[in-house]
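Chemist: Encoded as structure tokens, here's the structure I'll be asking about.
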Amino acid sequence: MSKFDTYVAYLQQCPKERWIALQNFQGIRGYTKIPLAPITLLYGQNSAGKSSIHDAFHFINGFFLGEWDHDTTTAYLDRWANNKRITNPLDKDFIGKPDDVVIGCAGFYDLDKFYEYCGLKNILHDSPEITNFNWLFGDEGHNPTSFRIHFSYGEAGWYLREFLLYLGADIFLNYVFYGDNPNNFLFGETILSGKQLYDNDIPTKKKSTDGNLHDSCLAFNRNHEIYDLIHFENLIEVSAFIGYPIINNEWFIVNRLGLLCEENNTNITKPKLCWGQLINWYDYTEMDGVPASISQGGPLRNEIENIIAFPVYALTTDSVINSIPPIREIPSKEKAIYRIKNNRRDEEKNIIEPFLKLANIIRSSVLDKIYIQPKHKLIDPREIALSELFEKTVVLFNSFAPTLKNDSNENPLIQVNRLLTSSLFLDTGYELVGDCKFIIPEDVIYKFADISKEELRAILEQLEAEVNLRLRYIPDDLLLEIEDVGVGISQVIPVLLAANSSRVYIQQPELHLHPRLQAQLADVFVEQVNRAPIFVIETHSEHFLLRLLRRIRETYRSDIPHTLFSLKAEDIVVLYVDKTKEGTSNIVQLRLSEEGEFIDRWPNGFFTERDGELFDE
């Protein structure tokens with residue numbers, strides 16, 4: 001068996017899991033793994049700590065997608081780190097140091113994610129980096145991997161103390177900051193002392209603000225199945241310039257890497273919490289005198305950057321990215337009119353503003369319709385209607401959403417309306433429509449006489465549009481303002497839009513819904529399970545859960561009413577969050593049998609209120 005086949009066989013035997021892990025984060029003290037499934041339900045009393053999970057996803061994505069700088073990261077750690085809020089130290093159930101803030105994430109990555117990452121890094125798909133990293137991928141792109149990161153607090157503030165990357169079930173890479181390690185002992189080797197480390201041949205002798213050596217090591221596990229598939233001879237040759245690599249029976253160590261050291265004008269270094277700088281260490285001053293081919297894009301940096309950055313990037317983009325808050329704003333008549341400029345891509349992706357996203361979809365659909373079958377009308381400049389709001393502008397196109405092609409399976413607006421109106425789902429009788437108007441300056445109108453439909457679309461794409469969202473009551477063909485319809489409709493529309501995505505945290509989806517609709521809303525998410533999404537749903541609804549259990553039971557007995565509603569026990573995870581006497585959060589998974597019955601009992605006082613009210617208990 002080849003080395004690559006051995007690695008693939010190893011991956012196939014590894015557990016296929018998705019989870020996040022937390023320690024000293026918000027209400028969670030001890031190290032806690034939180035399993036994830038296509039549908040993950042969070043139950044618990046008010047203020048029990050369910051929001052800790054939401055904030056953890058926010059931190060994972062903000063930090064590891066490179067959106068946060070050092071100041072932003074430390075500000076969030078100051079706000080969310082439990083070790084700075086509770087004085088009594090952990091004496092059990094922790095990993096690393098008792099006061100470490102630990103964030104972990106596990107899931108899968110695939111080749112498409114790697115291409116996406118390399119595209120962001122401006123690397124061509126046919127580059128050597130792509131070829132060299134094909135060994136990262138197992139069958140069908142389901143390589144299990146995970147990472148764990150330890151943040152600690154010292155005299156210089158927050159810093160990253162340790163980072164571990166697991167490929168499969170075993171650790172492969174370990175980055176450790178050892179500036180606070182008085183014994184200089186790591187990975188079974190004695191690290192060179194400060195005097196040895198900073199020889200006279202090294203031009204810069206950097207010391208930290210607290211007098212300790214601020215440096216780091218990056219070690220690769222030589223016993224891991226993937227180790228022999230990496231060209232470490234290149235790393236050894238190149239890192240000899242800057243790192244004095246150490247090799248023992250278990251670890252290959254790139255010493256003195258200094259990935260988190262920040263150079264400044266005072267010739268003092270300090271840790272810097274910025275993931276982008278961790279994986280893009282282009283300004284490392286210890287590389288002075290190293291050949292340009294190495295210091296400016298050489299194999300050491302490229303290999304290490306890809307090994308560290310790509311799996312974390314893939315995992316982060318595979319985790320929960322967007323969220324639906326517990327209280328969704330009801331668009332008033334005025335606020336339901338959205339002014340949209342060109343290239344509002346951030347709003348289009350931001351599911352926190354779902355109605356704005358839907359307005360963008362209507363604008364794009366109108367442009368598509370114009371492109372396919374233009375129906376524009378030339379207007380005499382003398383008939384231009386001027387107003388205080390739109391001076392020298394005119395409304396040229398109007399379109400309602402129902403005119404969109406109904407054969408599209410990709411248009412989120414069509415999906416939302418299908419769920420609102422279908423008898424299989426909510427069957428509310430309402431659909432969301434939008435009146436789209438393009439705001440056209442007077443001087444642009446004169447260009448419309450002799451232009452093609454392609455040119456027309458190009459012009460309109462650059463102009464501001466106004467989309468007025470409303471609801472149409474289908475039985476009476478009656479247009480209504482969103483605020484004039486029951487609150488439950490406006491609250492559920494963002495939830496239905498979220499169900500069309502793949503990675504989302506939803507708080508209280510049942511808000512203002514009748515119990516029957518709460519149960520039918522559960523079917524909206526069951527239908528999406530075959531897409532392998534991650535829906536983390538924070539809820540108090542018993543009806544929502546009972547419908548899921550019913551679908552598991554019907555699937556197990558092969559008597560489900562529709563193939564859309566096939567659901568297995570492994571497709572959902574039910575978590576109960578409770579607050580301990582010490583004021584911390586305890587997360588318990590309630591296991592399910594194949595038949596859709598709970599193996600574990602519900603905690604006392606939850607979902608028992610009904611019996612008490614009915615039987616005077």
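Please note that chains go A, B, ... in the order of the structure tokens, that every chain numbers its residues from 1, and that ligands are numbered from 1 in the order shown.
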Contacts of range 11-25 of chain A at 6 Å or less, counting only C-alpha atoms, minus same-chain residues fewer than 3 places along, as a list in words?

Modeler: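 My list of contacting residues is Val8, Ile28, Arg29, Gly30, Tyr31, Thr32, Lys33, Ile34, Pro35, Leu36, Trp80, Ala81, Asn82, Asn83, Val101, Val102, Ile103, Gly104, Cys105, Ala106, Gly107, Pro144, Gly168 and Ala169 of chain A.
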
Chemist: DSSP on the backbone: which residues in range 372-589 of chain A end up as strand (DSSP E or B)? Give the answer as JSON, numbers by chain.

Modeler: {"A": [395, 430, 431, 432, 433, 434, 435, 436, 437, 438, 439, 465, 466, 467, 468, 469, 470, 471, 472, 473, 478, 479, 480, 503, 504, 505, 506, 507, 534, 535, 536, 537, 538, 572, 573, 574, 575, 576, 577, 578, 579, 585, 586, 587, 588, 589]}

Chemist: Of the candidates A:Asp78, A:Asp318, A:Asp5, A:Asp578, which one gets nearest to Leu229 in chain A if we count only C-alpha atoms?

Modeler: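 Result for the nearest residue to Leu229 in chain A: A:Asp5.
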
Chemist: Near Leu424 in chain A, counting only C-alpha atoms, which residues have an atom at most 12 Å away, once you skip same-chain residues fewer than 4 positions from it, shown as number ranges by chain?

Modeler: A: 418-420, 428, 517, 519-524, 526-527, 561-565

Chemist: Here is a test: counting only C-alpha atoms, which residue of A:Asp427, A:Glu510, A:Glu454, A:Glu466 is nearest to Ile362 in chain A?

Modeler: A:Glu466

Chemist: Glu594 in chain A: which residues within 9 Å, counting only C-alpha atoms, same-chain residues fewer than 6 positions away excluded, as a list in words?

Modeler: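 Non-adjacent residues within range: Ile552, Arg553, Tyr556, Lys568, Ala569 and Glu570 of chain A.
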
Chemist: In terms of the shortest atom-to-atom distance over only C-alpha atoms, which of A:Val254, A:Leu426, A:Ile327, A:Ile39 is closest to Leu567 in chain A?

Modeler: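 So, comparing all the options, the nearest one is A:Ile39.
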
Chemist: Which residue, A:Tyr313, A:Phe425, A:Tyr505, A:Tyr430, has the smallest gap to Asn61 in chain A when you use only C-alpha atoms?

Modeler: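 Nearest to Asn61 in chain A: A:Tyr313.
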
Chemist: Quick one: residues within 9 Å of Gly583 in chain A, only C-alpha atoms, excluding same-chain residues fewer than 4 positions away - as a CSV table (one decimal) with N, CA and C atoms, in the first residue's frame?

Modeler:
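What follows is the written file out_12.csv:
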chain,number,residue,atom,x,y,z
A,27,GLY,N,-20.4,32.0,29.7
A,27,GLY,CA,-20.8,31.3,30.9
A,27,GLY,C,-20.2,29.9,31.0
A,48,ALA,N,-29.6,31.1,30.8
A,48,ALA,CA,-28.8,29.9,31.2
A,48,ALA,C,-27.5,29.9,30.5
A,579,LYS,N,-28.0,26.5,34.1
A,579,LYS,CA,-27.1,27.3,34.9
A,579,LYS,C,-26.8,26.6,36.2

Chemist: Nearest residue to Ser422 in chain A out of A:Val529, A:Ile474, A:Ile253, A:Leu463, using only C-alpha atoms?

Modeler: A:Ile474

Chemist: Hey, can you check how far CA of Leu575 in chain A sits from CA of Ile95 in chain A?

Modeler: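 Atom-to-atom, CA of Leu575 in chain A and CA of Ile95 in chain A are spaced 22.4 Å apart.
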
Chemist: As an exercise, work out the distance from CA of Pro533 in chain A to CA of Ile321 in chain A in Å and give it to one decimal place.

Modeler: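 Separation of CA of Pro533 in chain A and CA of Ile321 in chain A: 11.7 Å.
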
Chemist: Excluding same-chain residues fewer than 2 positions from Glu481 in chain A, what lies within 12 Å of it counting only C-alpha atoms, as a PDB file with N, CA and C atoms, in the first residue's frame?

Modeler:
ATOM      1  N   ILE A 330     -39.908  44.813  12.220  1.00  0.00           N
ATOM      2  CA  ILE A 330     -41.050  44.788  11.308  1.00  0.00           C
ATOM      3  C   ILE A 330     -40.960  46.023  10.413  1.00  0.00           C
ATOM      4  N   PRO A 331     -40.759  45.857   9.117  1.00  0.00           N
ATOM      5  CA  PRO A 331     -40.638  47.027   8.243  1.00  0.00           C
ATOM      6  C   PRO A 331     -41.938  47.826   8.202  1.00  0.00           C
ATOM      7  N   SER A 332     -41.868  49.084   8.609  1.00  0.00           N
ATOM      8  CA  SER A 332     -43.017  49.973   8.467  1.00  0.00           C
ATOM      9  C   SER A 332     -43.193  50.325   7.001  1.00  0.00           C
ATOM     10  N   LYS A 333     -44.244  51.059   6.701  1.00  0.00           N
ATOM     11  CA  LYS A 333     -44.501  51.430   5.308  1.00  0.00           C
ATOM     12  C   LYS A 333     -43.318  52.169   4.731  1.00  0.00           C
ATOM     13  N   GLU A 334     -42.729  53.064   5.530  1.00  0.00           N
ATOM     14  CA  GLU A 334     -41.593  53.840   5.036  1.00  0.00           C
ATOM     15  C   GLU A 334     -40.332  52.986   4.965  1.00  0.00           C
ATOM     16  N   LYS A 335     -40.104  52.159   5.990  1.00  0.00           N
ATOM     17  CA  LYS A 335     -38.876  51.361   6.022  1.00  0.00           C
ATOM     18  C   LYS A 335     -38.910  50.194   5.053  1.00  0.00           C
ATOM     19  N   ALA A 336     -40.075  49.862   4.526  1.00  0.00           N
ATOM     20  CA  ALA A 336     -40.174  48.784   3.539  1.00  0.00           C
ATOM     21  C   ALA A 336     -39.778  49.256   2.151  1.00  0.00           C
ATOM     22  N   ILE A 337     -39.379  50.519   2.031  1.00  0.00           N
ATOM     23  CA  ILE A 337     -38.870  51.061   0.768  1.00  0.00           C
ATOM     24  C   ILE A 337     -37.347  51.135   0.886  1.00  0.00           C
ATOM     25  N   TYR A 430     -50.224  34.231   2.074  1.00  0.00           N
ATOM     26  CA  TYR A 430     -49.509  35.462   1.725  1.00  0.00           C
ATOM     27  C   TYR A 430     -48.244  35.131   0.939  1.00  0.00           C
ATOM     28  N   GLU A 431     -47.864  36.049   0.041  1.00  0.00           N
ATOM     29  CA  GLU A 431     -46.561  35.982  -0.606  1.00  0.00           C
ATOM     30  C   GLU A 431     -45.951  37.374  -0.610  1.00  0.00           C
ATOM     31  N   LEU A 432     -44.633  37.410  -0.592  1.00  0.00           N
ATOM     32  CA  LEU A 432     -43.906  38.675  -0.573  1.00  0.00           C
ATOM     33  C   LEU A 432     -43.666  39.140  -2.007  1.00  0.00           C
ATOM     34  N   VAL A 433     -43.985  40.398  -2.286  1.00  0.00           N
ATOM     35  CA  VAL A 433     -43.788  40.961  -3.615  1.00  0.00           C
ATOM     36  C   VAL A 433     -43.029  42.269  -3.471  1.00  0.00           C
ATOM     37  N   GLY A 434     -42.505  42.736  -4.602  1.00  0.00           N
ATOM     38  CA  GLY A 434     -41.740  43.974  -4.558  1.00  0.00           C
ATOM     39  C   GLY A 434     -41.912  44.805  -5.800  1.00  0.00           C
ATOM     40  N   ASN A 468     -39.936  48.574  -3.139  1.00  0.00           N
ATOM     41  CA  ASN A 468     -40.970  48.661  -2.109  1.00  0.00           C
ATOM     42  C   ASN A 468     -41.528  47.254  -1.872  1.00  0.00           C
ATOM     43  N   LEU A 469     -41.222  46.698  -0.714  1.00  0.00           N
ATOM     44  CA  LEU A 469     -41.685  45.354  -0.371  1.00  0.00           C
ATOM     45  C   LEU A 469     -43.078  45.419   0.239  1.00  0.00           C
ATOM     46  N   ARG A 470     -43.928  44.502  -0.198  1.00  0.00           N
ATOM     47  CA  ARG A 470     -45.279  44.380   0.359  1.00  0.00           C
ATOM     48  C   ARG A 470     -45.682  42.905   0.366  1.00  0.00           C
ATOM     49  N   LEU A 471     -46.816  42.639   0.945  1.00  0.00           N
ATOM     50  CA  LEU A 471     -47.382  41.294   0.962  1.00  0.00           C
ATOM     51  C   LEU A 471     -48.639  41.274   0.106  1.00  0.00           C
ATOM     52  N   ARG A 472     -48.821  40.201  -0.620  1.00  0.00           N
ATOM     53  CA  ARG A 472     -50.046  40.022  -1.409  1.00  0.00           C
ATOM     54  C   ARG A 472     -50.845  38.870  -0.811  1.00  0.00           C
ATOM     55  N   TYR A 473     -52.098  39.163  -0.459  1.00  0.00           N
ATOM     56  CA  TYR A 473     -52.987  38.112   0.029  1.00  0.00           C
ATOM     57  C   TYR A 473     -53.609  37.442  -1.188  1.00  0.00           C
ATOM     58  N   LEU A 478     -54.931  40.956  -2.960  1.00  0.00           N
ATOM     59  CA  LEU A 478     -54.915  42.234  -2.262  1.00  0.00           C
ATOM     60  C   LEU A 478     -53.509  42.545  -1.783  1.00  0.00           C
ATOM     61  N   LEU A 479     -52.993  43.737  -2.127  1.00  0.00           N
ATOM     62  CA  LEU A 479     -51.674  44.167  -1.680  1.00  0.00           C
ATOM     63  C   LEU A 479     -51.783  44.848  -0.326  1.00  0.00           C
ATOM     64  N   GLU A 483     -46.404  45.773   7.714  1.00  0.00           N
ATOM     65  CA  GLU A 483     -46.746  46.082   9.092  1.00  0.00           C
ATOM     66  C   GLU A 483     -48.242  45.914   9.368  1.00  0.00           C
ATOM     67  N   ASP A 484     -49.054  45.814   8.322  1.00  0.00           N
ATOM     68  CA  ASP A 484     -50.496  45.698   8.506  1.00  0.00           C
ATOM     69  C   ASP A 484     -50.972  44.246   8.567  1.00  0.00           C
ATOM     70  N   VAL A 485     -50.038  43.315   8.477  1.00  0.00           N
ATOM     71  CA  VAL A 485     -50.365  41.887   8.554  1.00  0.00           C
ATOM     72  C   VAL A 485     -49.874  41.373   9.904  1.00  0.00           C
ATOM     73  N   GLY A 486     -50.378  40.250  10.352  1.00  0.00           N
ATOM     74  CA  GLY A 486     -49.990  39.700  11.645  1.00  0.00           C
ATOM     75  C   GLY A 486     -48.479  39.647  11.831  1.00  0.00           C
ATOM     76  N   VAL A 487     -48.042  39.914  13.062  1.00  0.00           N
ATOM     77  CA  VAL A 487     -46.608  40.001  13.351  1.00  0.00           C
ATOM     78  C   VAL A 487     -45.895  38.698  13.012  1.00  0.00           C
ATOM     79  N   ILE A 489     -46.083  36.777  10.517  1.00  0.00           N
ATOM     80  CA  ILE A 489     -45.633  36.679   9.125  1.00  0.00           C
ATOM     81  C   ILE A 489     -44.314  37.416   8.949  1.00  0.00           C
ATOM     82  N   SER A 490     -44.241  38.646   9.464  1.00  0.00           N
ATOM     83  CA  SER A 490     -42.996  39.415   9.308  1.00  0.00           C
ATOM     84  C   SER A 490     -41.848  38.783  10.083  1.00  0.00           C
TER      85      SER A 490
END
